[in-house]
Amino acid sequence: MGNVFCVACGCVDQASVGVVERWGRFEKLAQPGFHFFNPLAGECLAGILSTRISSLDVRIETKTKDNVFVQLLCSIQYRIIKENADDAFYELQNPKEQIQAFVFDVVRAHVPRMTLDELFEQKNEVAQAVLEELEKVMAAYGYNIEHILMVDIIPDASVRKAMNEINAAQRLQLASVYKGEAEKILQVKKAEADAEAKYLGGVGVARQRQAITDGLRENILNFSHKVEGASPKEVMDLIMITQYFDTIKDLGNSSKNTTVFIPHGPGHVRDIGDQIRSGMMEAASAELTGA
């Protein structure tokens with residue numbers, strides 16, 4: 001692995017290690033710096049290895065437990081162990097192919113035992129299994145596996161489309177539930193508001209009628225005290241006539257009414273008063289009978 005440099009001196013760069021041979025046999029490792037070699041004694045610099053971390057991307061296609069074909073992209077970060085650089089130099093002709101072969105073997109042994117969902121959830125466990133297997137094998141060849149990253153899991157295009165459609169359907173279903181709950185709350189609040197409005201309207205009408213009754217009673221008493229000889233019945237008739245004419249005036253002034261037909265005669269107001277009093281008396285009589 002590497003070329004043989006039959007020179008009297010040589011320089012090994014930082015983050016590198018040199019392999020020195022004597023008469024074609026491994027002699028020692030040369031650390032970074034300047035070195036002298038004795039060509040007459042058979043010494044030469046057989047090669048230089050970098051001790052920097054290298055990265056290898058491996059794409060594996062395999063099948064999950066639920067028969068989904070997926071592609072996994074793994075990134076393996078490795079480096080040469082300085083103390084065992086001679087093993088890395090002599091034992092492996094192509095370390096990248098060796099690492100790739102072991103990654104294929106481990107991944108294809110683990111992934112078929114998982115469903116697609118489990119693979120997404122446990123991808124770190126797959127990476128850890130690959131790391132443990134590679135560390136045991138590659139350490140014998142002078143390589144140390146630093147990290148293994150499961151960069152991406154790519155299912156088949158039709159599977160991705162189906163998964164997106166399922167996700168979209170679930171979100172639409174959830175949105176429909178939320179929309180129905182919102183409409184339900186809106187209807188309930190609307191009914192509560194309508195009931196509250198009717199209740200308040202009834203309270204307002206009751207208070208209005210109570211105020212009218214109190215005002216009429218007060219007017220009758222005041223009129224009876226100030227005008228001698230006036231009976232409460234006559235005062236009530238006068239108030240009813242006044243209200244009657246006020247009502248006709250309001251109807252005439254309303255912009256929504258152009259013509260109003262009202263039965264009217266000299267005794268009509270008195271008839272209305274008699275009818276009201278008759279109704280009140282019948283109501284009082286019915287209450288007494290029921291009691």
# chains A, B, ... in the order shown; residues from 1 in each chain; ligands from 1
>>> closest_atom_pairs(of="segment 14-99 of chain A", to="segment 155-179 of chain A", cutoff="10 Å", atoms="only C-alpha atoms", output="JSON lines")
{"residue": "A:Glu61", "atom": "CA", "partner": "A:Pro155", "partner_atom": "CA", "distance": 9.5}
{"residue": "A:Thr62", "atom": "CA", "partner": "A:Pro155", "partner_atom": "CA", "distance": 9.9}
{"residue": "A:Lys63", "atom": "CA", "partner": "A:Pro155", "partner_atom": "CA", "distance": 9.5}
{"residue": "A:Thr64", "atom": "CA", "partner": "A:Pro155", "partner_atom": "CA", "distance": 9.9}
{"residue": "A:Val68", "atom": "CA", "partner": "A:Pro155", "partner_atom": "CA", "distance": 7.1}
{"residue": "A:Phe69", "atom": "CA", "partner": "A:Asp156", "partner_atom": "CA", "distance": 6.1}
{"residue": "A:Val70", "atom": "CA", "partner": "A:Pro155", "partner_atom": "CA", "distance": 4.2}
{"residue": "A:Gln71", "atom": "CA", "partner": "A:Pro155", "partner_atom": "CA", "distance": 6.3}
{"residue": "A:Leu72", "atom": "CA", "partner": "A:Pro155", "partner_atom": "CA", "distance": 8.7}
>>> residues_around(residues="segment 123-128 of chain A", least_positions_apart="5", cutoff="12 Å", atoms="only C-alpha atoms", output="JSON list (two decimals) with all heavy atoms, in the first residue's frame")
[["chain", "number", "residue", "atom", "x", "y", "z"],
["A", 72, "LEU", "N", -30.92, 3.28, 2.63],
["A", 72, "LEU", "CA", -30.33, 3.90, 3.81],
["A", 72, "LEU", "C", -28.98, 4.50, 3.42],
["A", 72, "LEU", "O", -28.17, 3.85, 2.77],
["A", 72, "LEU", "CB", -30.13, 2.89, 4.94],
["A", 72, "LEU", "CG", -31.39, 2.39, 5.67],
["A", 72, "LEU", "CD1", -32.08, 1.29, 4.89],
["A", 72, "LEU", "CD2", -31.05, 1.90, 7.06],
["A", 73, "LEU", "N", -28.79, 5.73, 3.83],
["A", 73, "LEU", "CA", -27.52, 6.42, 3.57],
["A", 73, "LEU", "C", -26.77, 6.54, 4.90],
["A", 73, "LEU", "O", -27.21, 7.23, 5.82],
["A", 73, "LEU", "CB", -27.76, 7.80, 2.98],
["A", 73, "LEU", "CG", -26.52, 8.61, 2.62],
["A", 73, "LEU", "CD1", -25.68, 7.86, 1.59],
["A", 73, "LEU", "CD2", -26.89, 9.99, 2.09],
["A", 74, "CYS", "N", -25.64, 5.81, 4.98],
["A", 74, "CYS", "CA", -24.82, 5.81, 6.18],
["A", 74, "CYS", "C", -23.53, 6.58, 5.93],
["A", 74, "CYS", "O", -22.93, 6.47, 4.85],
["A", 74, "CYS", "CB", -24.48, 4.39, 6.62],
["A", 74, "CYS", "SG", -25.91, 3.38, 7.02],
["A", 75, "SER", "N", -23.10, 7.32, 6.93],
["A", 75, "SER", "CA", -21.82, 8.02, 6.86],
["A", 75, "SER", "C", -20.91, 7.44, 7.93],
["A", 75, "SER", "O", -21.20, 7.55, 9.13],
["A", 75, "SER", "CB", -22.03, 9.53, 7.07],
["A", 75, "SER", "OG", -20.79, 10.22, 7.04],
["A", 76, "ILE", "N", -19.80, 6.81, 7.50],
["A", 76, "ILE", "CA", -18.86, 6.17, 8.42],
["A", 76, "ILE", "C", -17.61, 7.06, 8.52],
["A", 76, "ILE", "O", -17.00, 7.40, 7.50],
["A", 76, "ILE", "CB", -18.46, 4.76, 7.94],
["A", 76, "ILE", "CG1", -19.68, 3.84, 7.91],
["A", 76, "ILE", "CG2", -17.40, 4.16, 8.84],
["A", 76, "ILE", "CD1", -20.38, 3.76, 6.60],
["A", 103, "VAL", "N", -20.69, -2.97, 6.40],
["A", 103, "VAL", "CA", -21.90, -2.16, 6.61],
["A", 103, "VAL", "C", -23.09, -2.81, 5.93],
["A", 103, "VAL", "O", -24.18, -2.92, 6.50],
["A", 103, "VAL", "CB", -21.67, -0.72, 6.10],
["A", 103, "VAL", "CG1", -22.99, 0.05, 6.13],
["A", 103, "VAL", "CG2", -20.63, -0.01, 6.95],
["A", 104, "PHE", "N", -22.90, -3.27, 4.69],
["A", 104, "PHE", "CA", -23.98, -3.96, 3.97],
["A", 104, "PHE", "C", -24.45, -5.18, 4.76],
["A", 104, "PHE", "O", -25.65, -5.42, 4.91],
["A", 104, "PHE", "CB", -23.49, -4.40, 2.58],
["A", 104, "PHE", "CG", -23.72, -3.37, 1.51],
["A", 104, "PHE", "CD1", -22.77, -2.39, 1.26],
["A", 104, "PHE", "CD2", -24.87, -3.39, 0.75],
["A", 104, "PHE", "CE1", -22.96, -1.46, 0.27],
["A", 104, "PHE", "CE2", -25.07, -2.46, -0.25],
["A", 104, "PHE", "CZ", -24.12, -1.48, -0.49],
["A", 105, "ASP", "N", -23.52, -5.94, 5.27],
["A", 105, "ASP", "CA", -23.86, -7.18, 5.96],
["A", 105, "ASP", "C", -24.66, -6.92, 7.23],
["A", 105, "ASP", "O", -25.68, -7.57, 7.49],
["A", 105, "ASP", "CB", -22.57, -7.94, 6.29],
["A", 105, "ASP", "CG", -22.85, -9.28, 6.95],
["A", 105, "ASP", "OD1", -23.44, -10.16, 6.30],
["A", 105, "ASP", "OD2", -22.49, -9.43, 8.14],
["A", 106, "VAL", "N", -24.21, -5.94, 8.04],
["A", 106, "VAL", "CA", -24.88, -5.68, 9.32],
["A", 106, "VAL", "C", -26.26, -5.05, 9.10],
["A", 106, "VAL", "O", -27.25, -5.44, 9.73],
["A", 106, "VAL", "CB", -24.00, -4.76, 10.20],
["A", 106, "VAL", "CG1", -24.74, -4.40, 11.48],
["A", 106, "VAL", "CG2", -22.68, -5.45, 10.51],
["A", 107, "VAL", "N", -26.34, -4.08, 8.19],
["A", 107, "VAL", "CA", -27.62, -3.40, 7.96],
["A", 107, "VAL", "C", -28.65, -4.38, 7.43],
["A", 107, "VAL", "O", -29.81, -4.40, 7.87],
["A", 107, "VAL", "CB", -27.43, -2.22, 6.99],
["A", 107, "VAL", "CG1", -28.78, -1.67, 6.54],
["A", 107, "VAL", "CG2", -26.63, -1.11, 7.67],
["A", 108, "ARG", "N", -28.26, -5.20, 6.49],
["A", 108, "ARG", "CA", -29.21, -6.15, 5.90],
["A", 108, "ARG", "C", -29.56, -7.28, 6.86],
["A", 108, "ARG", "O", -30.50, -8.04, 6.60],
["A", 108, "ARG", "CB", -28.64, -6.71, 4.61],
["A", 108, "ARG", "CG", -28.69, -5.68, 3.48],
["A", 108, "ARG", "CD", -28.05, -6.16, 2.20],
["A", 108, "ARG", "NE", -28.25, -5.19, 1.13],
["A", 108, "ARG", "CZ", -27.66, -5.26, -0.05],
["A", 108, "ARG", "NH1", -26.81, -6.26, -0.31],
["A", 108, "ARG", "NH2", -27.89, -4.34, -0.97],
["A", 109, "ALA", "N", -28.84, -7.40, 7.95],
["A", 109, "ALA", "CA", -29.20, -8.39, 8.97],
["A", 109, "ALA", "C", -30.17, -7.80, 9.99],
["A", 109, "ALA", "O", -30.96, -8.55, 10.59],
["A", 109, "ALA", "CB", -27.94, -8.89, 9.69],
["A", 110, "HIS", "N", -30.15, -6.50, 10.21],
["A", 110, "HIS", "CA", -31.00, -5.87, 11.23],
["A", 110, "HIS", "C", -32.30, -5.30, 10.66],
["A", 110, "HIS", "O", -33.37, -5.48, 11.27],
["A", 110, "HIS", "CB", -30.22, -4.75, 11.93],
["A", 110, "HIS", "CG", -29.26, -5.24, 12.97],
["A", 110, "HIS", "ND1", -28.05, -5.81, 12.66],
["A", 110, "HIS", "CD2", -29.35, -5.27, 14.34],
["A", 110, "HIS", "CE1", -27.42, -6.15, 13.77],
["A", 110, "HIS", "NE2", -28.18, -5.85, 14.79],
["A", 111, "VAL", "N", -32.23, -4.60, 9.54],
["A", 111, "VAL", "CA", -33.41, -3.89, 9.03],
["A", 111, "VAL", "C", -34.56, -4.82, 8.70],
["A", 111, "VAL", "O", -35.72, -4.49, 8.99],
["A", 111, "VAL", "CB", -33.01, -3.03, 7.81],
["A", 111, "VAL", "CG1", -34.24, -2.42, 7.14],
["A", 111, "VAL", "CG2", -32.05, -1.92, 8.24],
["A", 112, "PRO", "N", -34.36, -6.01, 8.09],
["A", 112, "PRO", "CA", -35.51, -6.88, 7.78],
["A", 112, "PRO", "C", -36.29, -7.34, 9.01],
["A", 112, "PRO", "O", -37.39, -7.89, 8.87],
["A", 112, "PRO", "CB", -34.86, -8.07, 7.06],
["A", 112, "PRO", "CG", -33.63, -7.51, 6.46],
["A", 112, "PRO", "CD", -33.13, -6.52, 7.47],
["A", 113, "ARG", "N", -35.78, -7.12, 10.21],
["A", 113, "ARG", "CA", -36.51, -7.48, 11.42],
["A", 113, "ARG", "C", -37.34, -6.33, 11.97],
["A", 113, "ARG", "O", -37.96, -6.45, 13.02],
["A", 113, "ARG", "CB", -35.52, -7.96, 12.49],
["A", 113, "ARG", "CG", -34.85, -9.28, 12.14],
["A", 113, "ARG", "CD", -33.90, -9.74, 13.22],
["A", 113, "ARG", "NE", -32.71, -8.89, 13.33],
["A", 113, "ARG", "CZ", -31.70, -9.13, 14.15],
["A", 113, "ARG", "NH1", -31.73, -10.20, 14.92],
["A", 113, "ARG", "NH2", -30.67, -8.31, 14.18],
["A", 114, "MET", "N", -37.35, -5.19, 11.27],
["A", 114, "MET", "CA", -38.09, -4.00, 11.71],
["A", 114, "MET", "C", -39.12, -3.60, 10.66],
["A", 114, "MET", "O", -38.91, -3.79, 9.47],
["A", 114, "MET", "CB", -37.14, -2.81, 11.93],
["A", 114, "MET", "CG", -36.05, -3.02, 12.94],
["A", 114, "MET", "SD", -34.99, -1.55, 13.02],
["A", 114, "MET", "CE", -33.87, -2.04, 14.33],
["A", 115, "THR", "N", -40.23, -3.03, 11.14],
["A", 115, "THR", "CA", -41.17, -2.39, 10.22],
["A", 115, "THR", "C", -40.62, -1.02, 9.82],
["A", 115, "THR", "O", -39.64, -0.54, 10.40],
["A", 115, "THR", "CB", -42.55, -2.23, 10.85],
["A", 115, "THR", "OG1", -42.44, -1.35, 12.00],
["A", 115, "THR", "CG2", -43.11, -3.58, 11.31],
["A", 116, "LEU", "N", -41.26, -0.40, 8.86],
["A", 116, "LEU", "CA", -40.78, 0.90, 8.39],
["A", 116, "LEU", "C", -40.86, 1.95, 9.50],
["A", 116, "LEU", "O", -39.92, 2.73, 9.69],
["A", 116, "LEU", "CB", -41.62, 1.36, 7.18],
["A", 116, "LEU", "CG", -41.19, 2.69, 6.55],
["A", 116, "LEU", "CD1", -39.77, 2.61, 6.03],
["A", 116, "LEU", "CD2", -42.15, 3.08, 5.42],
["A", 117, "ASP", "N", -41.95, 1.94, 10.26],
["A", 117, "ASP", "CA", -42.08, 2.90, 11.36],
["A", 117, "ASP", "C", -41.02, 2.65, 12.43],
["A", 117, "ASP", "O", -40.43, 3.60, 12.98],
["A", 117, "ASP", "CB", -43.48, 2.82, 11.98],
["A", 117, "ASP", "CG", -44.56, 3.32, 11.03],
["A", 117, "ASP", "OD1", -44.23, 4.12, 10.13],
["A", 117, "ASP", "OD2", -45.72, 2.91, 11.17],
["A", 118, "GLU", "N", -40.76, 1.38, 12.73],
["A", 118, "GLU", "CA", -39.74, 1.05, 13.73],
["A", 118, "GLU", "C", -38.35, 1.46, 13.25],
["A", 118, "GLU", "O", -37.50, 1.88, 14.04],
["A", 118, "GLU", "CB", -39.77, -0.44, 14.02],
["A", 118, "GLU", "CG", -41.02, -0.90, 14.77],
["A", 118, "GLU", "CD", -41.10, -2.41, 14.90],
["A", 118, "GLU", "OE1", -40.31, -3.11, 14.22],
["A", 118, "GLU", "OE2", -41.94, -2.90, 15.67],
["A", 133, "GLU", "N", -20.07, -3.74, 15.32],
["A", 133, "GLU", "CA", -19.54, -4.80, 14.46],
["A", 133, "GLU", "C", -18.27, -4.34, 13.74],
["A", 133, "GLU", "O", -17.29, -5.09, 13.65],
["A", 133, "GLU", "CB", -20.61, -5.21, 13.45],
["A", 133, "GLU", "CG", -20.26, -6.42, 12.62],
["A", 133, "GLU", "CD", -20.19, -7.69, 13.45],
["A", 133, "GLU", "OE1", -20.82, -7.74, 14.52],
["A", 133, "GLU", "OE2", -19.50, -8.64, 13.01],
["A", 134, "LEU", "N", -18.29, -3.11, 13.24],
["A", 134, "LEU", "CA", -17.12, -2.62, 12.51],
["A", 134, "LEU", "C", -15.92, -2.43, 13.44],
["A", 134, "LEU", "O", -14.78, -2.67, 13.04],
["A", 134, "LEU", "CB", -17.46, -1.29, 11.82],
["A", 134, "LEU", "CG", -18.18, -1.38, 10.47],
["A", 134, "LEU", "CD1", -18.43, 0.01, 9.94],
["A", 134, "LEU", "CD2", -17.37, -2.18, 9.48],
["A", 135, "GLU", "N", -16.17, -1.97, 14.65],
["A", 135, "GLU", "CA", -15.07, -1.76, 15.59],
["A", 135, "GLU", "C", -14.33, -3.07, 15.87],
["A", 135, "GLU", "O", -13.10, -3.11, 15.93],
["A", 135, "GLU", "CB", -15.59, -1.16, 16.90],
["A", 135, "GLU", "CG", -15.83, 0.33, 16.84],
["A", 135, "GLU", "CD", -16.29, 0.88, 18.18],
["A", 135, "GLU", "OE1", -16.83, 0.09, 18.99],
["A", 135, "GLU", "OE2", -16.13, 2.09, 18.40],
["A", 145, "ILE", "N", -13.06, 3.01, 14.19],
["A", 145, "ILE", "CA", -14.31, 3.61, 13.70],
["A", 145, "ILE", "C", -14.75, 4.66, 14.71],
["A", 145, "ILE", "O", -15.07, 4.33, 15.87],
["A", 145, "ILE", "CB", -15.41, 2.54, 13.52],
["A", 145, "ILE", "CG1", -14.90, 1.39, 12.65],
["A", 145, "ILE", "CG2", -16.65, 3.17, 12.91],
["A", 145, "ILE", "CD1", -14.47, 1.80, 11.27],
["A", 146, "GLU", "N", -14.76, 5.92, 14.31],
["A", 146, "GLU", "CA", -15.10, 7.02, 15.22],
["A", 146, "GLU", "C", -16.61, 7.17, 15.40],
["A", 146, "GLU", "O", -17.12, 7.17, 16.51],
["A", 146, "GLU", "CB", -14.50, 8.33, 14.69],
["A", 146, "GLU", "CG", -12.99, 8.33, 14.57],
["A", 146, "GLU", "CD", -12.32, 8.36, 15.93],
["A", 146, "GLU", "OE1", -12.94, 8.83, 16.90],
["A", 146, "GLU", "OE2", -11.17, 7.89, 16.03],
["A", 147, "HIS", "N", -17.31, 7.34, 14.29],
["A", 147, "HIS", "CA", -18.76, 7.56, 14.36],
["A", 147, "HIS", "C", -19.41, 6.91, 13.15],
["A", 147, "HIS", "O", -18.79, 6.80, 12.08],
["A", 147, "HIS", "CB", -19.12, 9.05, 14.37],
["A", 147, "HIS", "CG", -18.52, 9.81, 15.51],
["A", 147, "HIS", "ND1", -18.99, 9.71, 16.80],
["A", 147, "HIS", "CD2", -17.48, 10.68, 15.56],
["A", 147, "HIS", "CE1", -18.28, 10.48, 17.59],
["A", 147, "HIS", "NE2", -17.35, 11.08, 16.86],
["A", 148, "ILE", "N", -20.67, 6.52, 13.34],
["A", 148, "ILE", "CA", -21.50, 6.08, 12.22],
["A", 148, "ILE", "C", -22.84, 6.82, 12.33],
["A", 148, "ILE", "O", -23.51, 6.75, 13.37],
["A", 148, "ILE", "CB", -21.74, 4.55, 12.24],
["A", 148, "ILE", "CG1", -20.42, 3.83, 11.95],
["A", 148, "ILE", "CG2", -22.79, 4.17, 11.20],
["A", 148, "ILE", "CD1", -20.55, 2.33, 11.87],
["A", 149, "LEU", "N", -23.18, 7.53, 11.28],
["A", 149, "LEU", "CA", -24.41, 8.32, 11.26],
["A", 149, "LEU", "C", -25.36, 7.75, 10.23],
["A", 149, "LEU", "O", -24.97, 7.52, 9.07],
["A", 149, "LEU", "CB", -24.11, 9.79, 10.93],
["A", 149, "LEU", "CG", -23.11, 10.51, 11.84],
["A", 149, "LEU", "CD1", -22.84, 11.90, 11.33],
["A", 149, "LEU", "CD2", -23.63, 10.56, 13.27],
["A", 150, "MET", "N", -26.61, 7.52, 10.65],
["A", 150, "MET", "CA", -27.65, 7.11, 9.71],
["A", 150, "MET", "C", -28.25, 8.40, 9.16],
["A", 150, "MET", "O", -29.16, 8.99, 9.73],
["A", 150, "MET", "CB", -28.71, 6.27, 10.42],
["A", 150, "MET", "CG", -29.62, 5.51, 9.48],
["A", 150, "MET", "SD", -28.78, 4.23, 8.55],
["A", 150, "MET", "CE", -28.29, 3.10, 9.85],
["A", 151, "VAL", "N", -27.70, 8.86, 8.04],
["A", 151, "VAL", "CA", -28.02, 10.19, 7.53],
["A", 151, "VAL", "C", -29.45, 10.27, 7.02],
["A", 151, "VAL", "O", -30.17, 11.23, 7.30],
["A", 151, "VAL", "CB", -27.03, 10.59, 6.41],
["A", 151, "VAL", "CG1", -27.38, 11.96, 5.84],
["A", 151, "VAL", "CG2", -25.61, 10.58, 6.95],
["A", 152, "ASP", "N", -29.88, 9.26, 6.27],
["A", 152, "ASP", "CA", -31.21, 9.37, 5.65],
["A", 152, "ASP", "C", -31.79, 7.98, 5.44],
["A", 152, "ASP", "O", -31.07, 6.99, 5.24],
["A", 152, "ASP", "CB", -31.11, 10.10, 4.31],
["A", 152, "ASP", "CG", -32.45, 10.66, 3.85],
["A", 152, "ASP", "OD1", -33.43, 10.54, 4.62],
["A", 152, "ASP", "OD2", -32.51, 11.22, 2.74],
["A", 153, "ILE", "N", -33.13, 7.92, 5.51],
["A", 153, "ILE", "CA", -33.89, 6.70, 5.20],
["A", 153, "ILE", "C", -34.87, 7.09, 4.10],
["A", 153, "ILE", "O", -35.75, 7.93, 4.31],
["A", 153, "ILE", "CB", -34.63, 6.16, 6.43],
["A", 153, "ILE", "CG1", -33.62, 5.82, 7.55],
["A", 153, "ILE", "CG2", -35.45, 4.94, 6.06],
["A", 153, "ILE", "CD1", -34.27, 5.42, 8.85]]
>>> select_by_dssp(residues="segment 75-182 of chain A", states="helix (DSSP H, G or I)", output="VMD selection string")
chain A and resid 82 to 90 95 to 113 116 to 121 123 to 141 157 to 182
>>> closest_residue(among="A:Ile81, A:Ala206, A:Val12, A:Leu131", to="Ile99 of chain A", atoms="only C-alpha atoms")
A:Leu131
>>> residues_around(residues="Gly33 of chain A", least_positions_apart="2", cutoff="7 Å", atoms="only C-alpha atoms", output="number ranges by chain")
A: 11-13, 31, 35
>>> write_last_selection(atoms="all heavy atoms", output="compact mmCIF listing (two decimals), in the first residue's frame")
# COMPACT_ATOMS: atom_id res chain seq x y z
N CYS A 11 10.66 13.52 4.71
CA CYS A 11 9.88 14.29 5.68
C CYS A 11 8.47 13.71 5.76
O CYS A 11 7.82 13.49 4.72
CB CYS A 11 9.84 15.76 5.27
SG CYS A 11 8.99 16.82 6.47
N VAL A 12 8.01 13.47 6.98
CA VAL A 12 6.65 12.98 7.23
C VAL A 12 5.82 14.15 7.77
O VAL A 12 6.20 14.77 8.76
CB VAL A 12 6.65 11.81 8.23
CG1 VAL A 12 5.22 11.34 8.49
CG2 VAL A 12 7.50 10.67 7.70
N ASP A 13 4.72 14.44 7.11
CA ASP A 13 3.88 15.58 7.50
C ASP A 13 3.16 15.32 8.82
O ASP A 13 3.01 14.18 9.27
CB ASP A 13 2.85 15.87 6.41
CG ASP A 13 3.50 16.31 5.11
OD1 ASP A 13 4.61 16.88 5.18
OD2 ASP A 13 2.90 16.08 4.03
N GLN A 31 7.49 8.87 12.74
CA GLN A 31 6.58 9.89 13.21
C GLN A 31 6.78 11.19 12.40
O GLN A 31 7.76 11.33 11.67
CB GLN A 31 6.81 10.16 14.69
CG GLN A 31 6.59 8.94 15.59
CD GLN A 31 5.19 8.38 15.45
OE1 GLN A 31 4.22 9.13 15.36
NE2 GLN A 31 5.09 7.05 15.43
N HIS A 35 13.51 12.74 8.60
CA HIS A 35 14.16 11.48 8.92
C HIS A 35 15.26 11.19 7.89
O HIS A 35 15.15 11.54 6.71
CB HIS A 35 13.15 10.33 8.90
CG HIS A 35 12.06 10.46 9.91
ND1 HIS A 35 12.17 9.98 11.21
CD2 HIS A 35 10.83 11.03 9.83
CE1 HIS A 35 11.06 10.24 11.86
NE2 HIS A 35 10.22 10.88 11.03
>>> closest_residue(among="A:Glu181, A:Glu97, A:Glu21, A:Asp250", to="Ala41 of chain A", atoms="only C-alpha atoms")
A:Glu21
>>> atom_distance(atom1="atom CA of Glu43 of chain A", atom2="atom CA of Asp87 of chain A")
19.1 Å
